[in-house]
>>> print(open('query-v9.cif').read())   # mmCIF, C-alpha atoms
data_query
loop_
_atom_site.label_atom_id
_atom_site.label_comp_id
_atom_site.auth_asym_id
_atom_site.auth_seq_id
_atom_site.Cartn_x
_atom_site.Cartn_y
_atom_site.Cartn_z
CA MET A 1 10.98 69.82 -19.41
CA ASN A 2 14.27 71.07 -17.98
CA LYS A 3 14.48 67.96 -15.79
CA LYS A 4 14.09 65.72 -18.83
CA ILE A 5 16.83 67.60 -20.65
CA MET A 6 19.11 67.38 -17.64
CA TRP A 7 18.37 63.66 -17.26
CA LEU A 8 19.09 63.04 -20.94
CA ALA A 9 22.30 65.04 -20.72
CA ALA A 10 23.39 63.01 -17.71
CA VAL A 11 22.71 59.76 -19.56
CA LEU A 12 24.74 60.96 -22.53
CA VAL A 13 27.63 61.97 -20.28
CA VAL A 14 27.64 58.55 -18.58
CA ALA A 15 27.44 56.77 -21.94
CA ALA A 16 30.32 58.84 -23.29
CA ALA A 17 32.36 58.09 -20.17
CA VAL A 18 31.70 54.34 -20.46
CA LEU A 19 32.58 54.37 -24.16
CA GLY A 20 35.73 56.36 -23.50
CA ALA A 21 36.76 54.02 -20.69
CA TYR A 22 36.15 51.01 -22.97
CA GLN A 23 38.33 52.50 -25.70
CA VAL A 24 41.13 53.15 -23.21
CA VAL A 25 40.92 49.81 -21.40
CA THR A 26 40.86 47.72 -24.57
CA ARG A 27 43.96 49.46 -25.88
CA MET A 28 46.10 49.03 -22.78
CA PRO A 29 47.82 45.88 -21.42
CA LEU A 30 46.15 46.10 -18.01
CA GLY A 31 47.01 43.75 -15.17
CA SER A 32 50.11 42.26 -16.77
CA ASN A 33 53.84 42.89 -16.90
CA VAL A 34 54.08 40.92 -20.14
CA SER A 35 54.90 42.96 -23.23
CA PRO A 36 52.74 42.62 -26.36
CA GLY A 37 54.33 40.18 -28.79
CA THR A 38 55.66 37.91 -26.04
CA GLN A 39 54.98 34.21 -26.60
CA ILE A 40 52.78 32.91 -23.79
CA ASP A 41 51.76 29.49 -25.10
CA GLU A 42 51.89 27.20 -28.12
CA LEU A 43 49.73 24.55 -29.73
CA ASN A 44 51.33 21.84 -31.86
CA GLY A 45 54.38 24.01 -32.36
CA VAL A 46 52.44 27.15 -33.35
CA ALA A 47 53.12 30.08 -31.02
CA ILE A 48 50.45 32.04 -29.15
CA TYR A 49 51.41 35.64 -28.41
CA TYR A 50 50.25 38.20 -25.86
CA ASN A 51 48.39 41.14 -27.41
CA GLY A 52 47.70 43.35 -24.39
CA GLY A 53 44.38 45.20 -24.66
CA VAL A 54 42.02 43.34 -26.96
CA ASN A 55 41.84 46.24 -29.42
CA GLN A 56 45.57 46.86 -29.61
CA SER A 57 47.10 46.59 -33.07
CA HIS A 58 50.69 45.66 -33.92
CA GLY A 59 50.64 45.66 -37.70
CA ARG A 60 49.49 43.18 -40.31
CA ASN A 61 51.20 39.78 -40.55
CA LEU A 62 51.76 38.61 -44.13
CA THR A 63 53.48 35.45 -45.34
CA ALA A 64 56.41 35.63 -47.76
CA SER A 65 53.95 35.04 -50.61
CA GLY A 66 51.68 37.87 -49.42
CA TYR A 67 48.92 35.77 -47.83
CA ASN A 68 47.18 37.78 -45.12
CA LEU A 69 47.35 36.13 -41.69
CA GLY A 70 45.72 39.07 -39.92
CA ILE A 71 46.59 41.81 -37.46
CA ARG A 72 49.21 40.84 -34.90
CA TYR A 73 48.31 39.49 -32.24
CA GLN A 74 44.57 39.28 -32.66
CA CYS A 75 42.62 36.02 -32.33
CA ILE A 76 42.26 35.69 -36.11
CA GLU A 77 46.01 35.99 -36.65
CA PHE A 78 46.67 32.94 -34.46
CA VAL A 79 43.91 30.84 -36.04
CA LYS A 80 44.96 31.56 -39.62
CA ARG A 81 48.66 31.23 -38.79
CA TYR A 82 47.92 27.90 -37.08
CA TYR A 83 46.16 26.54 -40.16
CA TYR A 84 48.86 27.91 -42.45
CA GLU A 85 51.82 26.55 -40.47
CA ARG A 86 50.24 23.24 -39.50
CA PHE A 87 48.32 22.41 -42.68
CA GLY A 88 49.48 24.85 -45.33
CA HIS A 89 45.88 26.04 -45.54
CA GLN A 90 45.01 29.42 -47.07
CA MET A 91 41.51 30.85 -46.89
CA PRO A 92 40.12 32.12 -50.22
CA ASP A 93 38.82 35.14 -48.29
CA SER A 94 41.68 36.13 -46.00
CA TYR A 95 39.95 39.18 -44.50
CA GLY A 96 36.99 39.87 -42.22
CA HIS A 97 36.30 39.97 -38.50
CA ALA A 98 36.04 36.77 -36.47
CA LYS A 99 32.24 36.74 -36.66
CA THR A 100 32.42 36.54 -40.48
CA PHE A 101 34.12 33.14 -40.29
CA PHE A 102 30.66 31.62 -39.74
CA ASP A 103 28.12 31.76 -42.58
CA HIS A 104 24.62 31.59 -41.07
CA THR A 105 23.06 30.78 -44.45
CA LEU A 106 24.80 27.39 -44.78
CA PRO A 107 23.26 24.11 -43.62
CA ASP A 108 25.10 22.01 -41.07
CA GLY A 109 28.15 20.24 -42.53
CA ALA A 110 28.27 22.33 -45.71
CA LEU A 111 31.44 23.74 -47.26
CA ASN A 112 32.14 27.33 -46.29
CA GLU A 113 33.72 28.43 -49.56
CA GLN A 114 35.04 31.72 -48.17
CA ARG A 115 37.16 29.78 -45.69
CA ALA A 116 37.56 26.47 -47.62
CA LEU A 117 36.41 24.62 -44.51
CA LEU A 118 33.43 22.49 -43.53
CA GLN A 119 31.05 24.34 -41.21
CA TYR A 120 29.07 22.82 -38.34
CA HIS A 121 26.44 24.62 -36.28
CA ASN A 122 26.49 24.54 -32.49
CA GLY A 123 24.13 21.64 -31.80
CA SER A 124 25.35 19.63 -34.79
CA ASN A 125 25.39 15.84 -34.63
CA THR A 126 29.08 16.13 -35.59
CA MET A 127 31.20 16.46 -32.48
CA PRO A 128 33.95 19.10 -32.24
CA ALA A 129 37.43 17.66 -32.82
CA PRO A 130 41.03 18.78 -32.22
CA ASP A 131 42.20 21.42 -34.73
CA ASP A 132 38.64 22.67 -35.38
CA ILE A 133 38.09 26.43 -35.36
CA ILE A 134 35.50 27.57 -32.81
CA VAL A 135 33.61 30.71 -33.87
CA TYR A 136 31.98 33.02 -31.32
CA ALA A 137 29.25 35.59 -31.94
CA PRO A 138 29.76 39.25 -30.97
CA SER A 139 28.95 40.37 -27.43
CA LEU A 140 28.13 43.67 -25.75
CA PHE A 141 31.77 44.67 -25.39
CA ASN A 142 33.09 42.72 -28.37
CA PRO A 143 31.32 43.59 -31.63
CA TYR A 144 33.79 41.58 -33.73
CA GLY A 145 33.33 38.03 -32.40
CA HIS A 146 36.13 35.65 -31.48
CA VAL A 147 37.82 32.54 -32.89
CA ALA A 148 39.93 29.84 -31.24
CA ILE A 149 41.42 26.40 -31.96
CA VAL A 150 40.25 23.17 -30.32
CA ALA A 151 43.21 21.74 -28.38
CA GLN A 152 41.51 18.83 -26.60
CA VAL A 153 38.11 17.13 -26.51
CA ASN A 154 36.60 14.85 -23.89
CA PRO A 155 32.99 13.75 -23.34
CA TYR A 156 32.27 16.73 -21.09
CA ALA A 157 34.34 19.65 -22.33
CA VAL A 158 36.33 21.15 -25.17
CA VAL A 159 39.61 22.88 -24.31
CA ILE A 160 40.44 25.73 -26.67
CA ALA A 161 43.70 27.53 -27.36
CA GLN A 162 43.25 31.21 -28.10
CA GLN A 163 45.07 34.44 -28.70
CA ASN A 164 43.89 37.87 -27.52
CA ALA A 165 41.25 36.63 -25.11
CA GLY A 166 41.93 39.76 -23.04
CA PRO A 167 44.75 41.23 -20.98
CA VAL A 168 44.03 39.09 -17.92
CA TYR A 169 42.50 35.96 -19.49
CA SER A 170 44.20 32.64 -20.16
CA SER A 171 45.26 31.32 -23.55
CA ARG A 172 43.44 28.08 -22.62
CA GLU A 173 39.80 27.70 -21.66
CA ALA A 174 37.52 24.72 -21.06
CA ILE A 175 34.04 25.01 -22.59
CA PRO A 176 31.30 22.65 -21.35
CA LEU A 177 30.18 20.08 -23.93
CA SER A 178 26.82 18.33 -23.68
CA ARG A 179 24.44 16.20 -25.74
CA GLN A 180 21.12 17.84 -26.61
CA ASP A 181 18.52 16.48 -29.05
CA ASN A 182 21.04 14.05 -30.60
CA GLY A 183 23.48 16.89 -31.16
CA TYR A 184 26.51 18.42 -29.45
CA ARG A 185 26.01 21.70 -27.64
CA LEU A 186 29.13 23.70 -26.85
CA GLY A 187 29.03 26.29 -24.09
CA SER A 188 26.59 29.16 -24.21
CA GLY A 189 24.75 30.74 -27.10
CA ARG A 190 27.83 32.77 -28.05
CA VAL A 191 29.41 29.74 -29.74
CA LEU A 192 28.08 29.76 -33.30
CA GLY A 193 29.77 26.56 -34.40
CA TRP A 194 33.04 25.08 -35.62
CA LEU A 195 34.99 24.85 -38.88
CA ARG A 196 37.03 21.86 -40.04
CA LEU A 197 39.33 20.89 -42.88
CA PRO A 198 37.62 18.49 -45.30
CA HIS A 199 39.21 15.06 -44.85
CA GLN A 200 40.80 14.76 -48.29
CA LEU A 201 42.00 18.36 -48.24
CA ASN A 202 43.49 17.75 -44.80
CA GLN A 203 45.55 14.83 -46.06
CA ALA A 204 46.64 16.60 -49.24
CA LEU A 205 47.79 19.64 -47.27
CA ARG A 206 49.69 17.52 -44.76
CA LEU A 207 51.70 16.13 -47.68
CA SER A 208 52.22 19.48 -49.41
CA PRO A 209 55.56 21.33 -49.42
CA VAL A 210 53.85 24.35 -47.85
CA ALA A 211 52.93 22.37 -44.76
CA GLY A 212 56.45 20.99 -44.34
CA SER A 213 57.44 17.40 -43.68
CA PHE A 214 54.61 14.97 -43.25
CA ASN A 215 54.32 13.84 -39.63
CA PRO A 216 52.37 10.59 -39.26
CA ASP A 217 52.77 10.36 -35.49
CA ALA A 218 49.34 11.73 -34.74
CA ASN A 219 47.48 11.03 -37.97
CA PHE A 220 43.82 10.92 -36.94
CA VAL A 221 41.70 8.65 -39.14
CA TYR A 222 38.38 7.88 -37.45
CA ARG A 223 36.14 8.66 -34.47
CA ASP A 224 33.94 5.75 -33.38
CA MET A 225 30.97 6.60 -31.15
CA VAL A 226 30.60 3.84 -28.57
CA GLY A 227 27.42 4.87 -26.76
CA GLY A 228 26.15 8.07 -25.19
CA PRO A 229 28.72 10.85 -25.41
CA TYR A 230 31.64 8.41 -25.45
CA PHE A 231 33.93 7.63 -28.35
CA ASP A 232 37.15 5.97 -29.46
CA GLU A 233 39.64 7.64 -31.79
CA TRP A 234 41.79 5.72 -34.26
CA TYR A 235 45.21 6.85 -35.49
CA LEU A 236 47.56 5.51 -38.14
CA ASP A 237 51.29 5.68 -37.45
CA GLY A 238 54.27 4.80 -39.63
CA ASP A 239 55.41 5.62 -43.15
CA LEU A 240 52.15 6.67 -44.79
CA VAL A 241 53.86 7.67 -48.02
CA GLY A 242 55.39 4.25 -48.64
CA ARG A 243 52.73 2.52 -46.51
CA THR A 244 55.33 0.56 -44.54
CA ASN A 245 55.77 -0.10 -40.81
CA LEU A 246 52.16 0.88 -40.21
CA ILE A 247 50.67 0.71 -36.72
CA LEU A 248 46.95 1.26 -36.17
CA GLU A 249 46.19 2.65 -32.72
CA ARG A 250 43.01 3.25 -30.75
CA GLU A 251 42.55 5.58 -27.78
CA GLY A 252 39.37 6.47 -25.93
CA LYS A 253 36.51 4.99 -23.93
CA SER A 254 37.34 1.38 -24.85
CA GLY A 255 40.99 1.71 -23.85
CA SER A 256 44.24 1.68 -25.79
CA LEU A 257 44.84 -0.81 -28.58
CA ALA A 258 47.70 -1.09 -31.08
CA MET A 259 48.23 -3.48 -33.98
CA PRO A 260 50.58 -3.74 -36.98
CA VAL A 261 48.69 -3.53 -40.27
CA ALA A 262 49.23 -3.76 -44.01
CA ILE A 263 47.17 -1.76 -46.50
CA THR A 264 46.74 -2.56 -50.18
CA CYS A 265 45.20 0.37 -52.02
CA GLU A 266 44.50 -1.48 -55.27
CA SER A 267 42.24 -4.03 -53.60
CA ARG A 268 41.26 -1.74 -50.70
CA THR A 269 42.20 -4.27 -48.05
CA LEU A 270 43.38 -3.79 -44.49
CA ALA A 271 45.00 -6.74 -42.73
CA VAL A 272 46.47 -7.14 -39.26
CA THR A 273 49.95 -8.60 -39.70
CA GLY A 274 50.96 -9.49 -36.15
CA ASP A 275 49.97 -9.61 -32.51
CA GLY A 276 48.14 -6.63 -31.08
CA LEU A 277 48.53 -4.99 -27.69
CA VAL A 278 45.57 -4.03 -25.48
CA PHE A 279 45.92 -1.50 -22.62
CA GLY A 280 49.63 -1.23 -23.39
CA HIS A 281 50.59 -4.64 -22.01
CA MET A 282 48.07 -7.37 -22.91
CA ALA A 283 48.97 -9.26 -26.10
CA ILE A 284 46.25 -10.53 -28.45
CA SER A 285 46.58 -12.52 -31.66
CA ALA A 286 46.32 -10.97 -35.12
CA ALA A 287 42.97 -12.70 -35.62
CA GLU A 288 41.64 -11.25 -32.37
CA ALA A 289 42.90 -7.79 -33.30
CA GLN A 290 41.27 -8.05 -36.73
CA ASN A 291 37.90 -8.52 -35.03
CA TYR A 292 38.13 -4.98 -33.64
CA LEU A 293 38.12 -3.51 -37.15
CA THR A 294 34.60 -2.76 -38.30
CA ALA A 295 33.88 -2.01 -41.94
CA ASP A 296 33.63 1.72 -41.20
CA ILE A 297 36.97 1.80 -39.38
CA ALA A 298 38.68 -0.17 -42.14
CA ALA A 299 37.25 2.10 -44.84
CA ALA A 300 38.43 5.24 -43.02
CA VAL A 301 41.94 3.82 -42.54
CA ILE A 302 42.20 2.80 -46.21
CA ASP A 303 40.89 6.18 -47.39
CA ASN A 304 43.45 7.90 -45.19
CA ALA A 305 46.42 5.84 -46.36
CA CYS A 306 45.42 5.79 -50.03
CA VAL A 307 44.32 9.41 -50.43
CA ASN A 308 46.95 10.15 -53.07
CA HIS A 309 47.05 6.69 -54.64
#
>>> encode(input="query-v9.cif", output="structure tokens")
Amino acid sequence: MNKKIMWLAAVLVVAAAVLGAYQVVTRMPLGSNVSPGTQIDELNGVAIYYNGGVNQSHGRNLTASGYNLGIRYQCIEFVKRYYYERFGHQMPDSYGHAKTFFDHTLPDGALNEQRALLQYHNGSNTMPAPDDIIVYAPSLFNPYGHVAIVAQVNPYAVVIAQQNAGPVYSSREAIPLSRQDNGYRLGSGRVLGWLRLPHQLNQALRLSPVAGSFNPDANFVYRDMVGGPYFDEWYLDGDLVGRTNLILEREGKSGSLAMPVAITCESRTLAVTGDGLVFGHMAISAAEAQNYLTADIAAAVIDNACVNH
């Protein structure tokens, strides 16, 4: 009996020591000479700061209007600040740990009303895209979960930008991406899924005063799957407010393509108005360029340009 008591006491002592060490380690900037609050990276002009130990706290960050961005410089604070600065987006529920960003009760592709974002499960047939929010489940030493922003996507991996990944971890990380059962599987089981601005809300926010000046230089309009895990992405450049000097561009598996276009919202027409350029140097006629525009691509481009018409 005494041996059992002694064994139990020893286990409790070890557990207390481990817990105490965890509390100390996660509140100290170990392995770095960088001070908390130092900018260590940026994504699309939005700063990423060093937090030190993952459980360190540096006060709550509020906007001038009182919107809660989160505790400096936790992972949530970067994600919400990124969406606020880049898109003018404010979550209806501005509180909660990272794990609460994902609602397990929602079907794939449904609107997460707490976050005002579309939600996709890991394994969805909708591929992750730049600017999506990746949501991680809790782990043994992280009961709160984690969130990050998609910085880049290729057929084999998603590169995320993150804040407060740990005192010795990078602000960028590549997560393996694979096709499974006609869906997209991202990393291990810890990735719950990804959140995305609804298309029309995205465009409205890009034009809003909160989001700042509208920047059409990288205005994503459509992803075209071209077989297997490969895809092309289409972008619309130019004056999208006045719909002048518009250039439709394609990048991806099929190679680069650019063509001048005109869009008429009233009749919902998209027309190529001049010679196109393939691979950055090979000229093609307007008629040849027009042949690249499927009905789905044309509809997405028109929807994008005419969202506020």
>>> closest_residue(input="query-v9.cif", among="A:Val54, A:Ala137, A:Ala300, A:Leu177", to="Val153 of chain A", atoms="all atoms listed in the file")
A:Leu177
>>> atom_distance(input="query-v9.cif", atom1="atom CA of Thr273 of chain A", atom2="atom CA of Val261 of chain A")
5.3 Å
>>> resolve_selection(input="query-v9.cif", expression="the PyMOL selection byres ((chain A and resi 305) around 9)", output="count of residues only")
15
>>> resolve_selection(input="query-v9.cif", expression="the PyMOL selection byres ((chain A and resi 138-152) around 6)", output="PyMOL selection string")
chain A and resi 75+97-99+130-137+153+158-162
>>> write_last_selection(input="query-v9.cif", atoms="C-alpha atoms", output="tab-separated table (two decimals), in the coordinates of the input")
chain	number	residue	atom	x	y	z
A	75	CYS	CA	42.62	36.02	-32.33
A	97	HIS	CA	36.30	39.97	-38.50
A	98	ALA	CA	36.04	36.77	-36.47
A	99	LYS	CA	32.24	36.74	-36.66
A	130	PRO	CA	41.03	18.78	-32.22
A	131	ASP	CA	42.20	21.42	-34.73
A	132	ASP	CA	38.64	22.67	-35.38
A	133	ILE	CA	38.09	26.43	-35.36
A	134	ILE	CA	35.50	27.57	-32.81
A	135	VAL	CA	33.61	30.71	-33.87
A	136	TYR	CA	31.98	33.02	-31.32
A	137	ALA	CA	29.25	35.59	-31.94
A	153	VAL	CA	38.11	17.13	-26.51
A	158	VAL	CA	36.33	21.15	-25.17
A	159	VAL	CA	39.61	22.88	-24.31
A	160	ILE	CA	40.44	25.73	-26.67
A	161	ALA	CA	43.70	27.53	-27.36
A	162	GLN	CA	43.25	31.21	-28.10
>>> atom_distance(input="query-v9.cif", atom1="atom CA of Ser178 of chain A", atom2="atom CA of Gly123 of chain A")
9.2 Å
>>> atom_distance(input="query-v9.cif", atom1="atom CA of Phe101 of chain A", atom2="atom CA of Arg86 of chain A")
18.9 Å
>>> closest_residue(input="query-v9.cif", among="A:Ala299, A:Ser35, A:Gly45, A:Leu62", to="Arg268 of chain A", atoms="only C-alpha atoms")
A:Ala299
>>> resolve_selection(input="query-v9.cif", expression="the PyMOL selection byres ((chain A and resi 155) around 10)", output="VMD selection string")
chain A and resid 127 153 to 154 156 to 158 176 to 179 228 to 231 253
>>> axis_aligned_box(input="query-v9.cif", around="segment 153-163 of chain A", padding_each_side="6 Å", output="JSON")
{"center_x": 38.7, "center_y": 24.1, "center_z": -24.9, "size_x": 24.8, "size_y": 32.7, "size_z": 19.6}
